[in-house]
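Undergrad: What follows is a single structure, and I will ask about it in a moment.
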Amino acid sequence: MLTTTIISGLVLGGTYALIAMGLTLQYGIARIMNLSYGEMIIAAAFLAYVLFGQWGVNPVLGLLVAVPLGFAFGYLVYGLMLRPLVARAASRESLEIDSILVTFGLLFVIQGAMLVAFGSNYTSYNYLNVGIDVFGAVIAANRLVALGLAVVAGGALYLLFTYTLWGTALRAVAVSPRSAPLVGIDVNRAARFAFAIGCGLAAAGGVVISTYQTFTATAGVVFTMKALVVVIMGGVGNILGALSAGLILGLVETFVATYLDPGLTLAATYLIFLAVLLWRPAGLFGRSSR
Amino acid sequence: MLEISHLSLHYGRHLALDDFSLSVGKGETVVILGANGAGKSSLLKAIAGVTPADKGTSISFNGRPIHSLPPHQIVEAGIALVPEGRGVFGDLTVDENLALGAFAKRARAHANDSRTFVYELFPKLEERRRQYVNTMSGGEQQMVAIGRALMSKPDLLMLDEPSLGLAPVVVGDLFRSLGQIRQRGLALLIVEQNVKMSLSIADRGYLAEAGRITGEDAATSLLSTPAVQRAFLGGAA
């Protein structure tokens with residue numbers, strides 16, 4: 001029981017971490033508060049569903065389609081819809097408000113398209129739905145794959161952002177957007193890339209989620225909320241923060257659902273969110289006195 | 001090397017710079033002296049492309065017009081700014097700050113040489129290379145800021161009030177370091193309140209007042225000019 005709960009918690013937490021990393025990049029670096037983030041996740045889940053159901057493409061390979069598509073979609077959306085806002089924004093604060101309004105609109109466009117294409121039913125597919133014995137607990141293989149994917153994607157992203165010059169430059173834009181141009185960083189280009197990478201991560205999250213959860217065309221907002229909670233808990237723009245806060249949230253939710261009551265998971269989410277905000281307002285990893 | 005003519009700059013309706021003209025020669029050290037509000041910082045920001053200048057302004061560097069370039073391309077052209085308040089990446093380490101200093105394409109291939117020079121200049125930075133910059137003292141942060149600017153392999157290094165908020169001992173060290181940088185053949189354009197120190201390492205100086213240039217002379221003569229003595233060295237605020 002305990003092992004099952006821990007592993008399920010890690011799977012859920014890994015998924016939260018994955019999607020939160022994308023949102024933290026978009027919000028932390030590009031200063032775009034993307035309210036349509038959850039819809040992008042669900043769209044990728046439907047994509048994986050179609051790939052698997054129609055052509056028998058295994059979701060792990062489906063990632064190779066979904067992530068580049070997500071990246072390209074984000075790159076286009078930024079260029080077409082968001083860049084005009086960036087150009088006219090008097091400050092980063094006003095950009096934040098504008099971006100909320102635009103992506104709120106985008107949310108309904110994507111959601112509407114999915115409702116037309118797939119209807120509003122719960123959707124799922126059977127991928128690797130066989131039990132595997134892990135330390136005496138039986139876990140569905142698809143959950144283990146999901147955990148593995150989240151760990152690999154999250155770890156790769158963390159290494160990329162910590163040890164490459166490009167990654168360091170993106171972090172620099174997140175922490176000091178006004179100083180970044182002084183070392184030759186094109187902040188607009190960095191923002192566009194960060195937004196696109198964020199959409200790629202949303203797509204990865206959507207594919208991973210589709211392997212072990214049911215989803216509907218209107219479920220996006222839940223993921224946006226969860227990702228946002230994780231982002232703020234971990235500290236805006238902080239990859240390692242998103243990673244750990246995501247895992248914590250997943251574990252807490254699973255433990256509460258198993259040992260207390262499944263109806264209390266949301267309450268637990270907001271309780272720890274509140275606790276973190278009271279105890280460390282800048283997030284778990286915020287060194288902030290900014 | 002740097003030629004500026006008819007540089008004007010408005011913040012809304014406020015005229016910050018009124019028809020500035022000045023030049024900096026190759027390897028020359030030039031100081032701009034003036035009270036607060038004389039437009040000294042605005043001048044550096046306009047050159048760096050951070051604040052766009054008015055129409056009719058002409059700024060050229062190494063014979064190439066740069067007044068309509070965005071700031072990241074001005075770094076590529078060979079001008080580095082150490083802004084007022086230093087503008088370091090406080091949440092990153094010393095090493096990361098320096099690495100980012102060489103982000104510009106012109107600088108990447110030389111990053112190792114530049115880093116060696118920076119560590120020679122400021123040995124303390126090498127000792128603290130893994131430290132987060134916002135945990136360092138003001139003087140050390142200023143070293144990071146100057147080091148980061150040097151990493152971009154500039155032909156012209158601009159410093160906006162580098163001694164502001166630093167203890168007198170630290171200011172002495174700072175200007176000694178600037179003297180060493182000058183000896184490497186870099187041109188320096190310095191805006192500074194510490195008139196004596198800055199003129200001691202400068203070749204030439206300009207006097208600015210309320211957005212206009214009111215005088216220009218060799219550094220040694222400025223030190224003994226009555227107007228400078230009265231305004232900056234005699235103590236009249």
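A note on labels: chains of the structure tokens are A, B, ... as shown, every chain counts residues from 1, and ligands are counted from 1 in their shown order.
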Excluding Lys40 (chain B) and its own-chain neighbours fewer than 6 positions away, which residues fall within 8 Å of it when counting only C-alpha atoms? Please give them as an NGL selection string.
TA: :B and (32-34 or 191 or 208 or 211)
Undergrad: May I have the selected residues written with N, CA and C atoms, as a PDB file, in the first residue's frame?
TA:
ATOM      1  N   ILE B  32      33.127  62.418 -18.303  1.00  0.00           N
ATOM      2  CA  ILE B  32      32.084  63.438 -18.374  1.00  0.00           C
ATOM      3  C   ILE B  32      31.798  63.899 -16.956  1.00  0.00           C
ATOM      4  N   LEU B  33      31.978  65.177 -16.712  1.00  0.00           N
ATOM      5  CA  LEU B  33      31.738  65.712 -15.380  1.00  0.00           C
ATOM      6  C   LEU B  33      30.474  66.545 -15.396  1.00  0.00           C
ATOM      7  N   GLY B  34      29.704  66.430 -14.341  1.00  0.00           N
ATOM      8  CA  GLY B  34      28.504  67.242 -14.270  1.00  0.00           C
ATOM      9  C   GLY B  34      27.710  66.863 -13.046  1.00  0.00           C
ATOM     10  N   VAL B 191      31.459  58.321 -16.615  1.00  0.00           N
ATOM     11  CA  VAL B 191      30.640  59.346 -15.995  1.00  0.00           C
ATOM     12  C   VAL B 191      30.874  59.203 -14.502  1.00  0.00           C
ATOM     13  N   ALA B 208      29.349  68.897 -18.399  1.00  0.00           N
ATOM     14  CA  ALA B 208      27.948  68.896 -18.817  1.00  0.00           C
ATOM     15  C   ALA B 208      27.125  69.604 -17.757  1.00  0.00           C
ATOM     16  N   GLY B 211      21.872  69.113 -19.362  1.00  0.00           N
ATOM     17  CA  GLY B 211      21.624  68.521 -20.666  1.00  0.00           C
ATOM     18  C   GLY B 211      22.479  69.079 -21.789  1.00  0.00           C
TER      19      GLY B 211
END
Undergrad: Compute the set of chain B residues within 7 Å of chain A, using only C-alpha atoms, and express it as an MDAnalysis selection string.
TA: chainID B and resid 71:73 75:76 80:81 87:89 91 100:101 103:104 152
Undergrad: For the residues in the current selection, export N, CA and C atoms as a PDB file, in the first residue's frame.
TA:
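Written file, result_8.pdb:
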ATOM      1  N   PRO B  71      20.082  47.381 -28.115  1.00  0.00           N
ATOM      2  CA  PRO B  71      21.246  47.264 -27.228  1.00  0.00           C
ATOM      3  C   PRO B  71      22.104  46.025 -27.466  1.00  0.00           C
ATOM      4  N   HIS B  72      21.477  44.854 -27.765  1.00  0.00           N
ATOM      5  CA  HIS B  72      22.317  43.668 -27.893  1.00  0.00           C
ATOM      6  C   HIS B  72      23.233  43.752 -29.106  1.00  0.00           C
ATOM      7  N   GLN B  73      22.827  44.528 -30.119  1.00  0.00           N
ATOM      8  CA  GLN B  73      23.710  44.655 -31.289  1.00  0.00           C
ATOM      9  C   GLN B  73      24.811  45.675 -31.058  1.00  0.00           C
ATOM     10  N   VAL B  75      26.389  45.869 -28.269  1.00  0.00           N
ATOM     11  CA  VAL B  75      27.425  45.059 -27.627  1.00  0.00           C
ATOM     12  C   VAL B  75      28.255  44.354 -28.707  1.00  0.00           C
ATOM     13  N   GLU B  76      27.566  43.822 -29.712  1.00  0.00           N
ATOM     14  CA  GLU B  76      28.275  43.166 -30.816  1.00  0.00           C
ATOM     15  C   GLU B  76      29.199  44.134 -31.553  1.00  0.00           C
ATOM     16  N   ALA B  80      30.641  48.247 -24.454  1.00  0.00           N
ATOM     17  CA  ALA B  80      30.064  47.612 -23.272  1.00  0.00           C
ATOM     18  C   ALA B  80      29.757  48.688 -22.234  1.00  0.00           C
ATOM     19  N   LEU B  81      28.611  48.547 -21.600  1.00  0.00           N
ATOM     20  CA  LEU B  81      28.207  49.506 -20.568  1.00  0.00           C
ATOM     21  C   LEU B  81      28.167  48.832 -19.207  1.00  0.00           C
ATOM     22  N   GLY B  87      23.889  46.532 -12.336  1.00  0.00           N
ATOM     23  CA  GLY B  87      23.126  45.657 -13.249  1.00  0.00           C
ATOM     24  C   GLY B  87      23.664  44.249 -13.378  1.00  0.00           C
ATOM     25  N   VAL B  88      24.280  43.734 -12.310  1.00  0.00           N
ATOM     26  CA  VAL B  88      24.777  42.344 -12.379  1.00  0.00           C
ATOM     27  C   VAL B  88      23.598  41.377 -12.283  1.00  0.00           C
ATOM     28  N   PHE B  89      23.845  40.108 -12.660  1.00  0.00           N
ATOM     29  CA  PHE B  89      22.828  39.074 -12.480  1.00  0.00           C
ATOM     30  C   PHE B  89      23.001  38.524 -11.068  1.00  0.00           C
ATOM     31  N   ASP B  91      21.229  36.753  -9.047  1.00  0.00           N
ATOM     32  CA  ASP B  91      20.831  35.387  -8.726  1.00  0.00           C
ATOM     33  C   ASP B  91      21.711  34.352  -9.412  1.00  0.00           C
ATOM     34  N   LEU B 100      28.288  34.836 -19.258  1.00  0.00           N
ATOM     35  CA  LEU B 100      27.294  35.574 -20.034  1.00  0.00           C
ATOM     36  C   LEU B 100      27.891  36.836 -20.631  1.00  0.00           C
ATOM     37  N   GLY B 101      28.906  37.388 -19.966  1.00  0.00           N
ATOM     38  CA  GLY B 101      29.577  38.565 -20.513  1.00  0.00           C
ATOM     39  C   GLY B 101      30.094  38.286 -21.915  1.00  0.00           C
ATOM     40  N   PHE B 103      28.682  36.409 -24.089  1.00  0.00           N
ATOM     41  CA  PHE B 103      27.580  35.861 -24.889  1.00  0.00           C
ATOM     42  C   PHE B 103      27.625  36.377 -26.327  1.00  0.00           C
ATOM     43  N   ALA B 104      28.071  37.625 -26.498  1.00  0.00           N
ATOM     44  CA  ALA B 104      28.113  38.216 -27.839  1.00  0.00           C
ATOM     45  C   ALA B 104      29.004  37.376 -28.750  1.00  0.00           C
ATOM     46  N   SER B 152      33.003  40.887 -22.928  1.00  0.00           N
ATOM     47  CA  SER B 152      32.414  41.047 -24.263  1.00  0.00           C
ATOM     48  C   SER B 152      33.446  41.587 -25.252  1.00  0.00           C
TER      49      SER B 152
END
Undergrad: Skip region 252-259 of chain A itself and residues of its chain fewer than 5 positions away, then list as a ChimeraX atom specification all residues within 10 Å of it, counting only C-alpha atoms.
TA: /A:1-2,4-13,246-247,264-269,272
Undergrad: Can you pull out the residues contacting Arg13 (chain B)? Cut-off 12 Å, using only C-alpha atoms, and skip same-chain residues under 4 positions away; I want them as a PDB file with C-alpha atoms, in the first residue's frame.
TA:
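Below is the file that was written, result-v5.pdb:
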ATOM      1  CA  LEU B   9      16.977  62.825 -25.955  1.00  0.00           C
ATOM      2  CA  LEU B  17      20.084  65.808 -23.582  1.00  0.00           C
ATOM      3  CA  ASP B  54      15.594  61.654 -30.779  1.00  0.00           C
TER       4      ASP B  54
END
Undergrad: Contacts of Leu188 (chain B) at 8 Å or less, counting only C-alpha atoms, minus same-chain residues fewer than 4 places along, as a list in words?
TA: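 Everything that qualifies: Gly27, Glu28, Thr29, Val30, Leu156, Leu157, Met158, Leu159 and Arg182 of chain B.
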Undergrad: Quick one: write out the picked residues with C-alpha atoms as a PDB file, in the first residue's frame?
TA:
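Wrote part19.pdb, looks like this:
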ATOM      1  CA  GLY B  27      42.345  53.930 -26.651  1.00  0.00           C
ATOM      2  CA  GLU B  28      41.389  57.279 -25.176  1.00  0.00           C
ATOM      3  CA  THR B  29      39.959  57.752 -21.694  1.00  0.00           C
ATOM      4  CA  VAL B  30      37.273  60.418 -21.516  1.00  0.00           C
ATOM      5  CA  LEU B 156      34.986  51.004 -25.733  1.00  0.00           C
ATOM      6  CA  LEU B 157      34.052  50.450 -22.097  1.00  0.00           C
ATOM      7  CA  MET B 158      31.504  52.852 -20.622  1.00  0.00           C
ATOM      8  CA  LEU B 159      31.072  53.192 -16.870  1.00  0.00           C
ATOM      9  CA  ARG B 182      43.253  51.570 -19.977  1.00  0.00           C
TER      10      ARG B 182
END
Undergrad: Can you tell me, as a ChimeraX atom specification, what residues are no more than 10 Å from Ala35 (chain B) when counting only C-alpha atoms, ignoring any on the same chain fewer than 3 positions away?
TA: /B:38-40,192-193,207-210,231-232,237
Undergrad: Take the selection from the previous step and output its residues with C-alpha atoms, as a PDB file, in the first residue's frame.
TA:
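Saved result, result.pdb, follows:
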ATOM      1  CA  ALA B  38      23.229  67.074 -16.248  1.00  0.00           C
ATOM      2  CA  GLY B  39      22.299  64.182 -18.517  1.00  0.00           C
ATOM      3  CA  LYS B  40      25.409  62.069 -18.000  1.00  0.00           C
ATOM      4  CA  GLU B 192      31.713  60.063 -12.461  1.00  0.00           C
ATOM      5  CA  GLN B 193      31.079  62.221  -9.422  1.00  0.00           C
ATOM      6  CA  LEU B 207      31.703  69.424 -18.635  1.00  0.00           C
ATOM      7  CA  ALA B 208      27.948  68.896 -18.817  1.00  0.00           C
ATOM      8  CA  GLU B 209      25.259  71.055 -17.304  1.00  0.00           C
ATOM      9  CA  ALA B 210      21.473  70.721 -17.579  1.00  0.00           C
ATOM     10  CA  ALA B 231      31.881  73.384  -9.082  1.00  0.00           C
ATOM     11  CA  PHE B 232      33.361  70.020  -8.151  1.00  0.00           C
ATOM     12  CA  ALA B 237      27.080  71.581  -4.237  1.00  0.00           C
TER      13      ALA B 237
END
Undergrad: What does the structure give for the distance between CA of Leu64 (chain A) and CA of Thr211 (chain A), in Å to one decimal?
TA: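 Here the two named atoms are 14.9 Å from each other.
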Undergrad: Using only C-alpha atoms, pick whichever of A:Gly53, A:Glu93, A:Thr103, A:Leu47 has the shortest atom-to-atom distance to Ala117 (chain A).
TA: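 Using only C-alpha atoms, the shortest distance to Ala117 (chain A) belongs to A:Leu47.
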Undergrad: What's around Glu216 (chain B) at 12 Å? Count only C-alpha atoms, leave out sequence neighbours fewer than 3 positions away in its own chain, and write the answer as a PDB file with N, CA and C atoms, in the first residue's frame.
TA:
ATOM      1  N   SER B  21      27.381  66.876 -28.544  1.00  0.00           N
ATOM      2  CA  SER B  21      28.343  66.379 -29.527  1.00  0.00           C
ATOM      3  C   SER B  21      29.624  66.043 -28.782  1.00  0.00           C
ATOM      4  N   LEU B  22      30.133  64.864 -28.996  1.00  0.00           N
ATOM      5  CA  LEU B  22      31.408  64.519 -28.366  1.00  0.00           C
ATOM      6  C   LEU B  22      32.040  63.351 -29.101  1.00  0.00           C
ATOM      7  N   SER B  23      33.304  63.135 -28.801  1.00  0.00           N
ATOM      8  CA  SER B  23      33.989  62.028 -29.460  1.00  0.00           C
ATOM      9  C   SER B  23      34.949  61.358 -28.489  1.00  0.00           C
ATOM     10  N   VAL B  30      38.003  59.154 -21.566  1.00  0.00           N
ATOM     11  CA  VAL B  30      37.273  60.418 -21.516  1.00  0.00           C
ATOM     12  C   VAL B  30      36.317  60.398 -20.330  1.00  0.00           C
ATOM     13  N   VAL B  31      36.288  61.510 -19.598  1.00  0.00           N
ATOM     14  CA  VAL B  31      35.406  61.625 -18.446  1.00  0.00           C
ATOM     15  C   VAL B  31      34.357  62.688 -18.718  1.00  0.00           C
ATOM     16  N   ILE B  32      33.127  62.418 -18.303  1.00  0.00           N
ATOM     17  CA  ILE B  32      32.084  63.438 -18.374  1.00  0.00           C
ATOM     18  C   ILE B  32      31.798  63.899 -16.956  1.00  0.00           C
ATOM     19  N   LEU B  33      31.978  65.177 -16.712  1.00  0.00           N
ATOM     20  CA  LEU B  33      31.738  65.712 -15.380  1.00  0.00           C
ATOM     21  C   LEU B  33      30.474  66.545 -15.396  1.00  0.00           C
ATOM     22  N   GLY B  34      29.704  66.430 -14.341  1.00  0.00           N
ATOM     23  CA  GLY B  34      28.504  67.242 -14.270  1.00  0.00           C
ATOM     24  C   GLY B  34      27.710  66.863 -13.046  1.00  0.00           C
ATOM     25  N   ASP B 203      42.330  61.134 -20.202  1.00  0.00           N
ATOM     26  CA  ASP B 203      43.052  61.981 -21.143  1.00  0.00           C
ATOM     27  C   ASP B 203      42.324  63.307 -21.318  1.00  0.00           C
ATOM     28  N   ARG B 204      40.995  63.200 -21.404  1.00  0.00           N
ATOM     29  CA  ARG B 204      40.210  64.372 -21.734  1.00  0.00           C
ATOM     30  C   ARG B 204      38.924  64.366 -20.925  1.00  0.00           C
ATOM     31  N   GLY B 205      38.327  65.531 -20.772  1.00  0.00           N
ATOM     32  CA  GLY B 205      37.067  65.585 -20.050  1.00  0.00           C
ATOM     33  C   GLY B 205      36.108  66.576 -20.678  1.00  0.00           C
ATOM     34  N   TYR B 206      34.825  66.294 -20.484  1.00  0.00           N
ATOM     35  CA  TYR B 206      33.778  67.227 -20.910  1.00  0.00           C
ATOM     36  C   TYR B 206      33.031  67.695 -19.671  1.00  0.00           C
ATOM     37  N   LEU B 207      32.565  68.941 -19.709  1.00  0.00           N
ATOM     38  CA  LEU B 207      31.703  69.424 -18.635  1.00  0.00           C
ATOM     39  C   LEU B 207      30.274  69.460 -19.162  1.00  0.00           C
ATOM     40  N   ALA B 208      29.349  68.897 -18.399  1.00  0.00           N
ATOM     41  CA  ALA B 208      27.948  68.896 -18.817  1.00  0.00           C
ATOM     42  C   ALA B 208      27.125  69.604 -17.757  1.00  0.00           C
ATOM     43  N   ARG B 212      23.386  70.000 -21.489  1.00  0.00           N
ATOM     44  CA  ARG B 212      24.243  70.558 -22.544  1.00  0.00           C
ATOM     45  C   ARG B 212      25.705  70.380 -22.184  1.00  0.00           C
ATOM     46  N   ILE B 213      26.529  70.317 -23.226  1.00  0.00           N
ATOM     47  CA  ILE B 213      27.975  70.318 -22.995  1.00  0.00           C
ATOM     48  C   ILE B 213      28.431  71.760 -22.871  1.00  0.00           C
ATOM     49  N   ALA B 219      42.510  66.539 -19.543  1.00  0.00           N
ATOM     50  CA  ALA B 219      42.238  66.252 -18.134  1.00  0.00           C
ATOM     51  C   ALA B 219      43.104  67.090 -17.209  1.00  0.00           C
ATOM     52  N   THR B 220      44.380  67.219 -17.556  1.00  0.00           N
ATOM     53  CA  THR B 220      45.291  67.959 -16.674  1.00  0.00           C
ATOM     54  C   THR B 220      44.877  69.420 -16.550  1.00  0.00           C
ATOM     55  N   SER B 221      44.420  70.023 -17.663  1.00  0.00           N
ATOM     56  CA  SER B 221      44.017  71.420 -17.570  1.00  0.00           C
ATOM     57  C   SER B 221      42.691  71.550 -16.829  1.00  0.00           C
ATOM     58  N   LEU B 222      41.800  70.563 -16.997  1.00  0.00           N
ATOM     59  CA  LEU B 222      40.512  70.649 -16.288  1.00  0.00           C
ATOM     60  C   LEU B 222      40.729  70.674 -14.780  1.00  0.00           C
ATOM     61  N   LEU B 223      41.704  69.898 -14.328  1.00  0.00           N
ATOM     62  CA  LEU B 223      41.964  69.826 -12.888  1.00  0.00           C
ATOM     63  C   LEU B 223      42.259  71.209 -12.316  1.00  0.00           C
ATOM     64  N   THR B 225      41.252  74.095 -13.879  1.00  0.00           N
ATOM     65  CA  THR B 225      40.304  75.108 -14.355  1.00  0.00           C
ATOM     66  C   THR B 225      39.485  75.663 -13.187  1.00  0.00           C
ATOM     67  N   ALA B 227      36.541  76.899 -13.074  1.00  0.00           N
ATOM     68  CA  ALA B 227      35.132  76.474 -13.087  1.00  0.00           C
ATOM     69  C   ALA B 227      34.985  75.090 -12.466  1.00  0.00           C
ATOM     70  N   VAL B 228      35.915  74.179 -12.807  1.00  0.00           N
ATOM     71  CA  VAL B 228      35.857  72.821 -12.272  1.00  0.00           C
ATOM     72  C   VAL B 228      36.176  72.840 -10.779  1.00  0.00           C
TER      73      VAL B 228
END
Undergrad: One decimal, in Å: what's the spacing between CA of Asn142 (chain A) and CA of Asn126 (chain A)?
TA: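 Between CA of Asn142 (chain A) and CA of Asn126 (chain A) the gap is 8.9 Å.
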Undergrad: For the atom pair CA of Leu251 (chain A) and CA of Phe46 (chain A), what is the interatomic distance in Å to one decimal place?
TA: 26.2 Å
Undergrad: Please identify which residues in region 108-206 of chain B DSSP calls strand (DSSP E or B) from the backbone, and express them as an NGL selection string.
TA: :B and (132 or 156-160 or 187-191 or 204-206)
Undergrad: Nearest residue to Glu96 (chain B) out of B:His10, B:His67, B:Arg184, B:Arg148, using only C-alpha atoms?
TA: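 Looking at the shortest contact to Glu96 (chain B), the residue is B:Arg148.
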Undergrad: Between B:Leu189, B:Asn36, B:Arg130, B:Tyr119, single out the one closest to Ala48 (chain B), counting only C-alpha atoms.
TA: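 Looking at the shortest contact to Ala48 (chain B), the residue is B:Leu189.
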